[in-house]
$ cat coords_21.cif   # mmCIF, C-alpha atoms
data_target
#
loop_
_atom_site.group_PDB
_atom_site.id
_atom_site.type_symbol
_atom_site.label_atom_id
_atom_site.label_comp_id
_atom_site.auth_asym_id
_atom_site.auth_seq_id
_atom_site.Cartn_x
_atom_site.Cartn_y
_atom_site.Cartn_z
ATOM 1 C CA LYS I 4 71.527 57.286 -5.392
ATOM 2 C CA PHE I 5 68.349 59.190 -6.334
ATOM 3 C CA GLY I 6 68.136 62.593 -4.642
ATOM 4 C CA ASP I 7 68.261 61.916 -0.903
ATOM 5 C CA GLU I 8 67.369 58.253 -1.412
ATOM 6 C CA VAL I 9 69.440 55.185 -2.099
ATOM 7 C CA ARG I 10 67.725 52.776 -4.484
ATOM 8 C CA ALA I 11 68.600 49.218 -5.400
ATOM 9 C CA VAL I 12 67.173 46.659 -7.822
ATOM 10 C CA ALA I 13 68.012 42.973 -8.197
ATOM 11 C CA SER I 14 67.084 40.071 -10.463
ATOM 12 C CA GLY I 15 67.499 36.377 -9.729
ATOM 13 C CA ALA I 16 67.092 37.348 -6.094
ATOM 14 C CA SER I 17 65.917 35.466 -3.044
ATOM 15 C CA ALA I 18 64.256 36.912 0.057
ATOM 16 C CA LYS I 19 63.164 34.640 2.860
ATOM 17 C CA LEU I 20 61.635 34.887 6.296
ATOM 18 C CA SER I 21 63.332 32.231 8.444
ATOM 19 C CA ALA I 22 63.093 30.866 11.958
ATOM 20 C CA GLY I 23 64.730 27.593 12.972
ATOM 21 C CA THR I 24 64.222 25.055 10.191
ATOM 22 C CA PHE I 25 61.269 26.995 8.748
ATOM 23 C CA SER I 26 61.542 29.422 5.861
ATOM 24 C CA VAL I 27 59.122 31.089 3.457
ATOM 25 C CA GLY I 28 59.761 33.580 0.706
ATOM 26 C CA VAL I 29 60.813 33.957 -2.903
ATOM 27 C CA THR I 30 63.554 32.509 -5.070
ATOM 28 C CA ASN I 31 64.666 33.526 -8.556
ATOM 29 C CA GLY I 32 62.793 36.777 -8.054
ATOM 30 C CA GLU I 33 63.104 40.485 -8.637
ATOM 31 C CA LEU I 34 63.583 42.986 -5.821
ATOM 32 C CA GLY I 35 63.211 46.711 -5.292
ATOM 33 C CA LEU I 36 64.664 48.632 -2.339
ATOM 34 C CA VAL I 37 64.448 52.250 -1.252
ATOM 35 C CA VAL I 38 66.455 53.660 1.669
ATOM 36 C CA THR I 39 65.339 57.175 2.628
ATOM 37 C CA SER I 40 67.472 60.001 3.974
ATOM 38 C CA ALA I 41 65.962 59.260 7.406
ATOM 39 C CA GLY I 42 67.352 55.719 7.249
ATOM 40 C CA THR I 43 63.947 54.083 6.817
ATOM 41 C CA THR I 44 63.445 51.340 4.243
ATOM 42 C CA ALA I 45 60.891 49.979 1.786
ATOM 43 C CA LEU I 46 61.620 46.580 0.237
ATOM 44 C CA GLU I 47 59.580 44.304 -1.990
ATOM 45 C CA ALA I 48 60.564 41.007 -3.613
ATOM 46 C CA SER I 49 58.450 38.844 -5.894
ATOM 47 C CA GLY I 50 59.218 35.513 -7.508
ATOM 48 C CA SER I 51 58.748 31.768 -7.134
ATOM 49 C CA VAL I 52 57.502 30.465 -3.805
ATOM 50 C CA GLU I 53 59.798 28.637 -1.403
ATOM 51 C CA LEU I 54 58.165 27.180 1.702
ATOM 52 C CA ILE I 55 60.175 24.725 3.794
ATOM 53 C CA GLY I 56 59.225 23.150 7.124
ATOM 54 C CA GLY I 57 56.326 23.973 9.410
ATOM 55 C CA GLY I 58 54.399 20.902 8.293
ATOM 56 C CA PHE I 59 54.003 22.145 4.696
ATOM 57 C CA ALA I 60 54.625 19.891 1.676
ATOM 58 C CA SER I 61 53.796 19.798 -2.054
ATOM 59 C CA VAL I 62 53.614 23.598 -2.145
ATOM 60 C CA THR I 63 52.542 25.685 -5.141
ATOM 61 C CA ALA I 64 51.431 29.326 -5.404
ATOM 62 C CA THR I 65 50.421 31.858 -8.046
ATOM 63 C CA GLU I 66 52.163 34.882 -6.475
ATOM 64 C CA VAL I 67 54.548 35.590 -3.597
ATOM 65 C CA LEU I 68 55.542 38.956 -2.140
ATOM 66 C CA VAL I 69 58.097 39.654 0.571
ATOM 67 C CA ARG I 70 57.401 43.159 1.920
ATOM 68 C CA TYR I 71 59.054 45.458 4.450
ATOM 69 C CA ASN I 72 58.123 49.108 4.987
ATOM 70 C CA ASN I 73 58.921 51.376 7.909
ATOM 71 C CA THR I 74 58.977 54.630 5.900
ATOM 72 C CA GLY I 75 55.346 55.642 6.456
ATOM 73 C CA VAL I 76 55.111 56.248 2.707
ATOM 74 C CA SER I 77 53.204 54.288 0.054
ATOM 75 C CA TYR I 78 55.300 53.010 -2.844
ATOM 76 C CA THR I 79 52.592 51.010 -4.641
ATOM 77 C CA GLY I 80 52.953 51.465 -8.397
ATOM 78 C CA GLN I 81 56.271 53.302 -8.140
ATOM 79 C CA ALA I 82 59.139 52.081 -10.305
ATOM 80 C CA VAL I 83 62.718 51.804 -9.119
ATOM 81 C CA THR I 84 65.298 51.694 -11.913
ATOM 82 C CA VAL I 85 69.026 51.201 -11.579
ATOM 83 C CA GLY I 86 70.945 50.741 -14.809
ATOM 84 C CA ASP I 87 69.205 48.120 -16.917
ATOM 85 C CA LEU I 88 67.178 46.713 -13.998
ATOM 86 C CA SER I 89 63.766 47.917 -12.887
ATOM 87 C CA HIS I 90 61.184 46.919 -10.276
ATOM 88 C CA THR I 91 57.682 48.314 -9.884
ATOM 89 C CA PHE I 92 56.263 47.988 -6.388
ATOM 90 C CA GLY I 93 53.097 45.892 -6.631
ATOM 91 C CA ASP I 94 51.576 46.356 -3.178
ATOM 92 C CA MET I 95 53.471 48.588 -0.774
ATOM 93 C CA PRO I 96 51.004 50.598 1.348
ATOM 94 C CA ALA I 97 52.073 53.408 3.664
ATOM 95 C CA SER I 98 53.262 51.781 6.887
ATOM 96 C CA THR I 99 55.887 51.941 9.583
ATOM 97 C CA THR I 100 55.373 48.335 10.712
ATOM 98 C CA LEU I 101 54.890 46.218 7.567
ATOM 99 C CA ARG I 102 56.953 43.025 7.724
ATOM 100 C CA ALA I 103 55.199 40.164 5.959
ATOM 101 C CA VAL I 104 55.400 37.434 3.380
ATOM 102 C CA SER I 105 52.192 37.162 1.345
ATOM 103 C CA VAL I 106 51.445 33.993 -0.627
ATOM 104 C CA VAL I 107 48.548 34.187 -3.090
ATOM 105 C CA GLY I 108 46.910 31.046 -4.469
ATOM 106 C CA LEU I 109 48.727 28.726 -2.075
ATOM 107 C CA SER I 110 48.057 25.002 -2.333
ATOM 108 C CA ALA I 111 49.836 22.680 0.091
ATOM 109 C CA ASP I 112 49.565 19.559 2.189
ATOM 110 C CA PHE I 113 49.716 20.390 5.884
ATOM 111 C CA GLY I 114 50.878 17.938 8.525
ATOM 112 C CA GLY I 115 49.748 14.945 6.474
ATOM 113 C CA PHE I 116 46.287 15.975 7.687
ATOM 114 C CA VAL I 117 44.598 18.445 5.341
ATOM 115 C CA THR I 118 45.142 20.248 2.057
ATOM 116 C CA LEU I 119 45.293 24.029 2.456
ATOM 117 C CA THR I 120 44.395 26.545 -0.259
ATOM 118 C CA GLY I 121 43.938 30.321 -0.413
ATOM 119 C CA ASP I 122 45.846 33.536 0.243
ATOM 120 C CA TYR I 123 48.186 33.484 3.257
ATOM 121 C CA GLY I 124 50.261 35.970 5.226
ATOM 122 C CA PHE I 125 53.333 34.951 7.270
ATOM 123 C CA VAL I 126 55.074 36.980 9.992
ATOM 124 C CA LYS I 127 57.857 36.199 12.442
ATOM 125 C CA ASP I 128 57.514 36.787 16.185
ATOM 126 C CA GLY I 129 60.711 35.617 17.876
ATOM 127 C CA ASP I 130 60.957 31.856 17.370
ATOM 128 C CA THR I 131 57.286 31.688 16.320
ATOM 129 C CA ILE I 132 55.804 31.975 12.837
ATOM 130 C CA LYS I 133 52.256 33.310 12.745
ATOM 131 C CA VAL I 134 50.032 32.749 9.731
ATOM 132 C CA ALA I 135 46.618 34.158 8.837
ATOM 133 C CA ALA I 136 44.466 33.599 5.762
ATOM 134 C CA SER I 137 41.152 34.647 4.308
ATOM 135 C CA GLY I 138 39.080 33.047 1.559
ATOM 136 C CA GLY I 139 40.944 29.817 2.146
ATOM 137 C CA GLY I 140 40.170 26.134 2.141
ATOM 138 C CA ALA I 141 41.179 23.269 4.429
ATOM 139 C CA LYS I 142 40.083 19.779 3.467
ATOM 140 C CA LEU I 143 40.733 16.313 4.831
ATOM 141 C CA THR I 144 40.954 13.856 1.944
ATOM 142 C CA ALA I 145 41.039 10.059 1.958
ATOM 143 C CA GLY I 146 40.533 8.339 -1.370
ATOM 144 C CA ALA I 147 37.455 9.789 -3.068
ATOM 145 C CA PHE I 148 36.117 11.278 0.182
ATOM 146 C CA GLU I 149 36.820 14.808 1.360
ATOM 147 C CA VAL I 150 35.445 17.000 4.123
ATOM 148 C CA GLY I 151 36.450 20.445 5.323
ATOM 149 C CA VAL I 152 35.843 24.146 4.836
ATOM 150 C CA THR I 153 35.769 26.584 1.927
ATOM 151 C CA GLY I 154 35.651 30.381 1.977
ATOM 152 C CA ALA I 155 37.462 30.033 5.267
ATOM 153 C CA SER I 156 39.340 32.239 7.690
ATOM 154 C CA LEU I 157 42.384 30.520 9.146
ATOM 155 C CA GLY I 158 45.010 30.961 11.827
ATOM 156 C CA LEU I 159 48.226 29.008 12.304
ATOM 157 C CA VAL I 160 51.031 29.175 14.879
ATOM 158 C CA ILE I 161 54.313 27.371 14.199
ATOM 159 C CA ASN I 162 56.746 26.988 17.097
ATOM 160 C CA THR I 163 60.058 26.595 15.294
ATOM 161 C CA VAL I 164 62.039 25.467 18.362
ATOM 162 C CA ASP I 165 60.154 22.170 18.722
ATOM 163 C CA ASN I 166 58.254 22.229 15.373
ATOM 164 C CA THR I 167 54.847 22.000 17.053
ATOM 165 C CA LYS I 168 51.871 23.666 15.430
ATOM 166 C CA ALA I 169 48.318 24.862 16.104
ATOM 167 C CA LEU I 170 45.902 25.444 13.221
ATOM 168 C CA GLU I 171 42.232 26.314 12.990
ATOM 169 C CA ALA I 172 40.086 27.064 9.945
ATOM 170 C CA PHE I 173 36.480 28.263 10.121
ATOM 171 C CA GLY I 174 34.238 28.433 7.066
ATOM 172 C CA SER I 175 31.492 26.840 5.002
ATOM 173 C CA LEU I 176 31.111 23.064 4.989
ATOM 174 C CA SER I 177 32.344 21.091 2.005
ATOM 175 C CA VAL I 178 31.641 17.329 1.846
ATOM 176 C CA ASN I 179 32.151 15.144 -1.210
ATOM 177 C CA GLY I 180 31.743 11.383 -1.382
ATOM 178 C CA GLY I 181 31.350 8.901 1.449
ATOM 179 C CA GLY I 182 27.645 8.485 0.800
ATOM 180 C CA PHE I 183 26.782 12.006 2.046
ATOM 181 C CA ALA I 184 24.381 14.216 0.094
ATOM 182 C CA THR I 185 22.304 17.371 0.650
ATOM 183 C CA VAL I 186 24.616 18.378 3.494
ATOM 184 C CA THR I 187 24.261 21.452 5.720
ATOM 185 C CA ALA I 188 25.827 22.437 9.031
ATOM 186 C CA GLU I 189 25.685 25.140 11.686
ATOM 187 C CA GLU I 190 29.454 25.408 12.223
ATOM 188 C CA VAL I 191 32.566 23.739 10.814
ATOM 189 C CA LEU I 192 36.076 23.843 12.290
ATOM 190 C CA VAL I 193 39.235 22.210 10.958
ATOM 191 C CA ARG I 194 41.576 21.878 13.946
ATOM 192 C CA TYR I 195 45.146 20.692 14.455
ATOM 193 C CA ASN I 196 47.172 21.069 17.640
ATOM 194 C CA SER I 197 50.452 19.379 18.506
ATOM 195 C CA THR I 198 51.706 22.091 20.896
ATOM 196 C CA GLY I 199 50.102 20.953 24.166
ATOM 197 C CA THR I 200 48.971 24.571 24.637
ATOM 198 C CA ALA I 201 45.480 26.079 24.394
ATOM 199 C CA TYR I 202 45.022 28.883 21.865
ATOM 200 C CA THR I 203 41.280 29.548 22.255
ATOM 201 C CA GLY I 204 40.653 33.312 22.153
ATOM 202 C CA GLU I 205 44.170 34.202 20.953
ATOM 203 C CA THR I 206 44.559 36.321 17.821
ATOM 204 C CA VAL I 207 47.198 35.995 15.107
ATOM 205 C CA THR I 208 47.813 38.842 12.664
ATOM 206 C CA ALA I 209 49.823 38.680 9.452
ATOM 207 C CA GLY I 210 49.839 41.777 7.289
ATOM 208 C CA SER I 211 46.266 43.071 7.035
ATOM 209 C CA VAL I 212 44.629 39.748 8.007
ATOM 210 C CA SER I 213 43.816 38.605 11.555
ATOM 211 C CA TYR I 214 42.269 35.445 12.949
ATOM 212 C CA THR I 215 41.035 34.678 16.481
ATOM 213 C CA PHE I 216 41.066 31.008 17.476
ATOM 214 C CA ARG I 217 37.557 29.865 18.355
ATOM 215 C CA ASN I 218 38.186 26.500 20.017
ATOM 216 C CA ILE I 219 41.730 25.127 20.240
ATOM 217 C CA PRO I 220 42.094 23.304 23.584
ATOM 218 C CA ALA I 221 45.447 22.203 24.979
ATOM 219 C CA SER I 222 46.395 19.043 23.095
ATOM 220 C CA ALA I 223 49.322 17.326 21.440
ATOM 221 C CA THR I 224 47.175 15.030 19.284
ATOM 222 C CA LEU I 225 44.206 17.073 18.018
ATOM 223 C CA ARG I 226 43.579 16.473 14.314
ATOM 224 C CA ALA I 227 39.904 16.641 13.384
ATOM 225 C CA VAL I 228 37.244 18.247 11.248
ATOM 226 C CA SER I 229 34.380 19.108 13.610
ATOM 227 C CA VAL I 230 30.894 19.684 12.196
ATOM 228 C CA LYS I 231 28.205 21.066 14.512
ATOM 229 C CA ASN I 232 24.561 20.213 13.762
ATOM 230 C CA LEU I 233 25.234 18.381 10.504
ATOM 231 C CA GLN I 234 22.138 17.512 8.469
ATOM 232 C CA ALA I 235 22.532 15.096 5.560
ATOM 233 C CA GLN I 236 21.135 12.285 3.508
ATOM 234 C CA PHE I 237 23.303 9.186 3.740
ATOM 235 C CA ALA I 238 23.612 6.546 1.008
ATOM 236 C CA GLU I 239 20.018 7.203 -0.128
ATOM 237 C CA PHE I 240 19.102 5.269 2.992
ATOM 238 C CA VAL I 241 18.666 7.448 6.083
ATOM 239 C CA SER I 242 18.675 11.087 7.141
ATOM 240 C CA LEU I 243 21.502 11.881 9.569
ATOM 241 C CA SER I 244 21.827 14.755 12.026
ATOM 242 C CA GLY I 245 24.089 15.554 14.957
ATOM 243 C CA ASN I 246 27.583 16.747 15.822
ATOM 244 C CA PHE I 247 30.198 14.902 13.768
ATOM 245 C CA ALA I 248 34.000 14.662 13.921
ATOM 246 C CA PHE I 249 36.080 13.340 11.005
ATOM 247 C CA GLU I 250 39.652 12.095 11.281
ATOM 248 C CA ARG I 251 41.956 10.467 8.736
ATOM 249 C CA ASN I 252 43.594 7.188 9.697
ATOM 250 C CA GLY I 253 45.874 5.976 6.931
ATOM 251 C CA GLY I 254 43.742 5.664 3.820
ATOM 252 C CA ASP I 255 40.494 5.614 5.795
ATOM 253 C CA THR I 256 38.311 8.285 7.366
ATOM 254 C CA HIS I 257 37.044 7.621 10.887
ATOM 255 C CA ILE I 258 33.838 9.361 11.981
ATOM 256 C CA VAL I 259 32.332 9.730 15.445
ATOM 257 C CA ALA I 260 29.238 11.684 16.459
ATOM 258 C CA ASP I 261 27.018 12.649 19.379
ATOM 259 C CA ASN I 262 23.409 13.873 19.677
ATOM 260 C CA VAL I 263 22.776 11.803 16.582
ATOM 261 C CA SER I 264 19.590 10.877 14.815
ATOM 262 C CA ALA I 265 19.409 8.431 11.909
ATOM 263 C CA ILE I 266 15.965 8.097 10.404
ATOM 264 C CA LEU I 267 14.631 6.051 7.500
ATOM 265 C CA SER I 268 11.476 7.571 6.066
ATOM 266 C CA THR I 269 9.080 6.978 3.212
ATOM 267 C CA GLY I 270 5.895 8.901 2.851
ATOM 268 C CA THR I 271 4.437 9.361 6.334
ATOM 269 C CA PHE I 272 6.384 6.406 7.739
ATOM 270 C CA LYS I 273 9.528 6.988 9.803
ATOM 271 C CA VAL I 274 11.779 4.693 11.843
ATOM 272 C CA GLY I 275 15.182 5.167 13.372
ATOM 273 C CA VAL I 276 17.004 6.560 16.372
#
$ encode --input "coords_21.cif" --output "structure tokens"
Amino acid sequence: KFGDEVRAVASGASAKLSAGTFSVGVTNGELGLVVTSAGTTALEASGSVELIGGGFASVTATEVLVRYNNTGVSYTGQAVTVGDLSHTFGDMPASTTLRAVSVVGLSADFGGFVTLTGDYGFVKDGDTIKVAASGGGAKLTAGAFEVGVTGASLGLVINTVDNTKALEAFGSLSVNGGGFATVTAEEVLVRYNSTGTAYTGETVTAGSVSYTFRNIPASATLRAVSVKNLQAQFAEFVSLSGNFAFERNGGDTHIVADNVSAILSTGTFKVGV
């Protein structure tokens, strides 16, 4: 006890947000807890990442924080010491609603479809896990070819009852390999939907980050990287333009497009479609 507060510190601790078969949080961590005289609580745990289910695999991260604060008071930078144990709150802003798991420097395979990177926030809403990210990446990779987004904003909904998921990432185009060079695009979306439900226009918020889905139609099979108004040189042969969709099929990448032009040119001569 410290004045009117009760304080607790732990080492080798775990703190996990769980719903159904999904869980995310810290293991082998340290934890600080403050319970005020009003019965409100501030809790922070940091340690090694644990992320199970939800389509995630091969997970690594540089930092993980589990945070809860309904005190309305900021504890950032404050140390809690009990006996020989001490915890300094790393990022605990004043809040009465903070309930989030923050994963910094995440790298993971998602759904056998894309590799996700960046800083992610996870919150629980009933049987649903909502995820938002900023400055992230989502790339489809097959062999030496990859296509996706960097510097991206991302939203993800995980329905833990039936393990269906809807994901969308919006950012700058990244294409490597496959014969593509000098690539630009007007818009790039990485989209995954196995829920059968449309999420277009819906917003997910996790911690201080929010994302509004731009174009997630009802589908149980959507898995594609969509590139609007792509412009590129292909195989030092032709100039390509149009709206392209990329999908992984086993070890191959399948590509379809509409409003396409493919033009071979040299000097003032041009031929193509």
$ resolve_selection --input "coords_21.cif" --expression "the PyMOL selection byres ((chain I and resi 65) around 10)" --output "ChimeraX atom specification"
/I:50-52,63-64,66-67,106-110,122
$ closest_residue --input "coords_21.cif" --among "I:Ser175, I:Asn162, I:Asn72, I:Ser105" --to "Ser49 of chain I" --atoms "all atoms listed in the file"
I:Ser105
$ atom_distance --input "coords_21.cif" --atom1 "atom CA of Phe92 of chain I" --atom2 "atom CA of Ala13 of chain I"
12.9 Å
$ resolve_selection --input "coords_21.cif" --expression "the PyMOL selection byres ((chain I and resi 23) around 7)" --output "JSON, numbers by chain"
{"I": [21, 22, 24, 25, 163, 164]}
$ atom_distance --input "coords_21.cif" --atom1 "atom CA of Ser177 of chain I" --atom2 "atom CA of Gly199 of chain I"
28.4 Å
$ resolve_selection --input "coords_21.cif" --expression "the PyMOL selection byres ((chain I and resi 251-262) around 10)" --output "list of chain:residue names"
I:Gly115, I:Phe116, I:Val117, I:Leu143, I:Thr144, I:Ala145, I:Gly146, I:Phe148, I:Glu149, I:Val150, I:Gly181, I:Arg226, I:Ala227, I:Val228, I:Ser229, I:Val230, I:Lys231, I:Asn232, I:Leu233, I:Ser244, I:Gly245, I:Asn246, I:Phe247, I:Ala248, I:Phe249, I:Glu250, I:Val263, I:Ser264
$ closest_residue --input "coords_21.cif" --among "I:Asp94, I:Glu8, I:Asp112, I:Glu33" --to "Val62 of chain I" --atoms "only C-alpha atoms"
I:Asp112
$ atom_distance --input "coords_21.cif" --atom1 "atom CA of Val134 of chain I" --atom2 "atom CA of Ile161 of chain I"
8.2 Å
$ residues_around --input "coords_21.cif" --residues "Thr30 of chain I" --least-positions-apart "2" --cutoff "8 Å" --atoms "only C-alpha atoms" --output "list of chain:residue names"
I:Gly15, I:Ala16, I:Ser17, I:Ala18, I:Gly28, I:Gly32, I:Gly50, I:Ser51, I:Val52, I:Glu53
$ residues_around --input "coords_21.cif" --residues "Ser89 of chain I" --least-positions-apart "3" --cutoff "10 Å" --atoms "only C-alpha atoms" --output "ChimeraX atom specification"
/I:11-14,33-35,82-86,92
$ closest_residue --input "coords_21.cif" --among "I:Glu171, I:Thr185, I:Ala235, I:Gly57" --to "Gly204 of chain I" --atoms "only C-alpha atoms"
I:Glu171
$ residues_near_point --input "coords_21.cif" --point "(29.9, 23.2, 1.9)" --cutoff "9 Å" --atoms "only C-alpha atoms" --output "PyMOL selection string"
chain I and resi 150-153+174-179+186-188
$ closest_residue --input "coords_21.cif" --among "I:Val191, I:Leu157, I:Leu54, I:Ala184" --to "Ala111 of chain I" --atoms "only C-alpha atoms"
I:Leu54
$ closest_residue --input "coords_21.cif" --among "I:Glu47, I:Glu189, I:Glu239, I:Asp87" --to "Leu101 of chain I" --atoms "all atoms listed in the file"
I:Glu47
$ axis_aligned_box --input "coords_21.cif" --around "segment 201-214 of chain I" --padding-each-side "6 Å" --output "AutoDock Vina command-line options"
--center_x 45.2 --center_y 34.6 --center_z 15.7 --size_x 21.2 --size_y 29.0 --size_z 29.4
